[in-house]
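Undergrad: Sharing a structure, written as structure tokens. Questions coming.
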Amino acid sequence: MLYDNIMVPYDGSPSARAALEEAAKFAREDPGMVLHIVQIIDVEARMAKILDSKPSTAGQLSSARLKQLHEQAVEEADAALHRQIDTILSSLLNKVVIEFLEEASPGAQIVAYAEGNGCDLIVMGSRGLGALRGMLGSVSNYVLREADIPVMVVKVAD
Ligand code: ATP
Ligand code: MG
């Protein structure tokens with residue numbers, strides 16, 4: 001096997017999607033390879049958004065309500081991710097691990113996940129959802145600098 005565990009950090013951006021399509025090529029060649037798709041999400045911001053969309057929930061939230069909001073935020077992220085990537089995944093026989101990590105610094109979490117899960121290649125996009133122009137975003141720049149394993153950076157034509 002060329003690679004046993006490929007990690008694709010996926011933020012929903014066009015270049016992350018291009019990275020996933022590239023990783024899927026490796027996966028198709030080798031059904032024994034495990035594909036790890038990891039999305040770092042800002043759960044608190046998502047919880048606040050759910051609350052904003054509901055009429056006045058004044059006062060402090062109970063811990064049960066917070067837990068429920070947390071679950072809902074992750075479930076919504078999961079549903080959105082599946083809507084975006086299921087057509088790519090449906091053509092694969094490989095084991096696919098989908099993981100949501102909570103936002104602190106995406107770059108550090110990507111590197112830690114890869115190390116902690118025995119990944120031997122990271123395939124990621126050159127840019128993400130950020131609005132800045134330029135060749136590389138801050139997350140791909142960080143991962144290229146800090147990861148001890150090979151990193152493949154995929155860009156989309158602009
Ligand atoms: P910046 O965030 O610095 O404004 P950007 O959004 O254009 O710039 P990056 O964030 O570096 O660029 O994104 C590059 C790649 O990093 C993405 O294509 C994706 O593979 C990965 N990535 C970025 N953010 C996340 C995230 N929250 N979860 C998973 N992967 C991410
Ligand atoms: Mg970004």
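Letters A, B, ... mark the chains of the structure tokens in the order given; residue numbers begin at 1 per chain; ligand numbers begin at 1, in order shown.
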8 Å from ligand 2 is the threshold here; counting only C-alpha atoms and all ligand atoms, which polymer residues fall inside it? Answer as a ChimeraX atom specification.
TA: /A:11,127-130,137-139
Undergrad: Now that the selection is made, can you save its residues with N, CA and C atoms as a tab-separated table (two decimals), in the first residue's frame?
TA:
chain	number	residue	atom	x	y	z
A	11	ASP	N	-12.94	22.15	4.63
A	11	ASP	CA	-13.69	23.30	5.17
A	11	ASP	C	-14.85	23.72	4.27
A	127	ARG	N	-6.34	27.25	-0.69
A	127	ARG	CA	-7.11	28.32	-0.06
A	127	ARG	C	-8.35	27.70	0.57
A	128	GLY	N	-8.97	28.49	1.43
A	128	GLY	CA	-10.18	28.00	2.09
A	128	GLY	C	-11.31	28.96	1.89
A	129	LEU	N	-12.06	29.17	2.96
A	129	LEU	CA	-13.22	30.06	2.88
A	129	LEU	C	-12.83	31.51	3.16
A	130	GLY	N	-11.59	31.75	3.52
A	130	GLY	CA	-11.13	33.11	3.83
A	130	GLY	C	-11.15	33.98	2.58
A	137	GLY	N	-3.44	30.00	2.02
A	137	GLY	CA	-4.10	30.52	3.20
A	137	GLY	C	-3.26	30.24	4.44
A	138	SER	N	-3.67	30.80	5.56
A	138	SER	CA	-2.87	30.65	6.78
A	138	SER	C	-2.87	29.22	7.30
A	139	VAL	N	-3.96	28.49	7.07
A	139	VAL	CA	-4.04	27.12	7.59
A	139	VAL	C	-3.12	26.21	6.77
Undergrad: Name all residues at most 6 Å from stretch 92-109 of chain A (count only C-alpha atoms; drop same-chain ones fewer than 2 positions away) and give them as an MDAnalysis selection string.
TA: chainID A and resid 31 34:42 89:90 111:113 139 142:143
Undergrad: When you look at A:Gln84 with a cut-off of 9 Å (counting only C-alpha atoms), what residues show up, excluding the ones that are within fewer than 4 positions of it in the same chain? I need them as a list in words.
TA: Gly12, Arg17, Ala79, Ala80 and Ile88 of chain A
Undergrad: Give me a file of those residues, with N, CA, C and O atoms, as a CSV table (one decimal), in the first residue's frame.
TA:
chain,number,residue,atom,x,y,z
A,12,GLY,N,-15.1,22.9,3.3
A,12,GLY,CA,-16.3,23.2,2.4
A,12,GLY,C,-15.9,24.1,1.2
A,12,GLY,O,-16.8,24.5,0.4
A,17,ARG,N,-12.5,20.8,-1.7
A,17,ARG,CA,-13.2,19.8,-2.5
A,17,ARG,C,-12.3,19.2,-3.6
A,17,ARG,O,-12.3,18.0,-3.8
A,79,ALA,N,-24.7,17.1,8.6
A,79,ALA,CA,-25.6,17.0,7.4
A,79,ALA,C,-25.1,17.8,6.3
A,79,ALA,O,-25.1,17.4,5.1
A,80,ALA,N,-24.6,19.0,6.5
A,80,ALA,CA,-24.1,19.9,5.5
A,80,ALA,C,-22.9,19.2,4.8
A,80,ALA,O,-22.8,19.2,3.6
A,88,ILE,N,-18.9,12.1,-3.9
A,88,ILE,CA,-17.5,11.7,-4.1
A,88,ILE,C,-17.3,10.4,-3.4
A,88,ILE,O,-16.7,9.4,-3.9
Undergrad: Which residues in chain A does DSSP call alpha helix (DSSP H)? List them as a VMD selection string.
TA: chain A and resid 14 to 29 43 to 52 63 to 89 106 to 116 138 to 146
Undergrad: Just checking: using only C-alpha atoms and all ligand atoms, which residue out of A:Ile110, A:Cys119, A:Leu81, A:Leu61 ends up closest to ligand 1?
TA: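 Of A:Ile110, A:Cys119, A:Leu81, A:Leu61, the one nearest ligand 1 is A:Ile110, counting only C-alpha atoms and all ligand atoms.
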Undergrad: Given only C-alpha atoms and all ligand atoms as the basis, pick out the residue of A:Glu75, A:Arg28, A:Ala114, A:Pro14 nearest to ligand 1.
TA: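 Closest to ligand 1, using only C-alpha atoms and all ligand atoms: A:Pro14.
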Undergrad: DSSP on the backbone: which residues in stretch 11-149 of chain A end up as strand (DSSP E or B)? Give the answer as number ranges by chain.
TA: A: 34-41, 96-102, 121-125
Undergrad: Let me make sure I understand: among A:Ala157, A:Met124, A:Gly32, A:Leu132, which one has the smallest atom-to-atom distance to A:Ala16 if we use only C-alpha atoms?
TA: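 Smallest distance to A:Ala16 is found for A:Met124.
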Undergrad: Counting only C-alpha atoms, what is within 8 Å of A:Val151, bar same-chain residues fewer than 2 positions away, as a compact mmCIF listing (two decimals) with N, CA and C atoms, in the first residue's frame?
TA:
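Output file out27.txt is given in full below:
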# COMPACT_ATOMS: atom_id res chain seq x y z
N LEU A 121 -0.24 10.91 4.94
CA LEU A 121 -0.31 11.96 3.92
C LEU A 121 -1.47 12.89 4.26
N ILE A 122 -1.23 14.18 4.10
CA ILE A 122 -2.32 15.16 4.23
C ILE A 122 -2.56 15.74 2.84
N VAL A 123 -3.80 15.72 2.39
CA VAL A 123 -4.16 16.34 1.11
C VAL A 123 -5.13 17.47 1.42
N MET A 124 -4.71 18.69 1.16
CA MET A 124 -5.56 19.83 1.54
C MET A 124 -5.60 20.88 0.45
N VAL A 143 0.19 24.21 8.18
CA VAL A 143 0.33 22.74 8.11
C VAL A 143 1.58 22.38 7.31
N LEU A 144 1.85 23.09 6.23
CA LEU A 144 3.07 22.83 5.44
C LEU A 144 4.31 23.03 6.30
N ALA A 147 3.80 20.14 9.81
CA ALA A 147 3.55 18.70 9.74
C ALA A 147 4.85 17.95 9.42
N ILE A 149 4.78 14.90 8.14
CA ILE A 149 4.48 13.95 7.07
C ILE A 149 4.27 14.74 5.77
N VAL A 153 -0.78 19.92 -1.56
CA VAL A 153 -1.65 21.10 -1.59
C VAL A 153 -2.29 21.21 -2.97
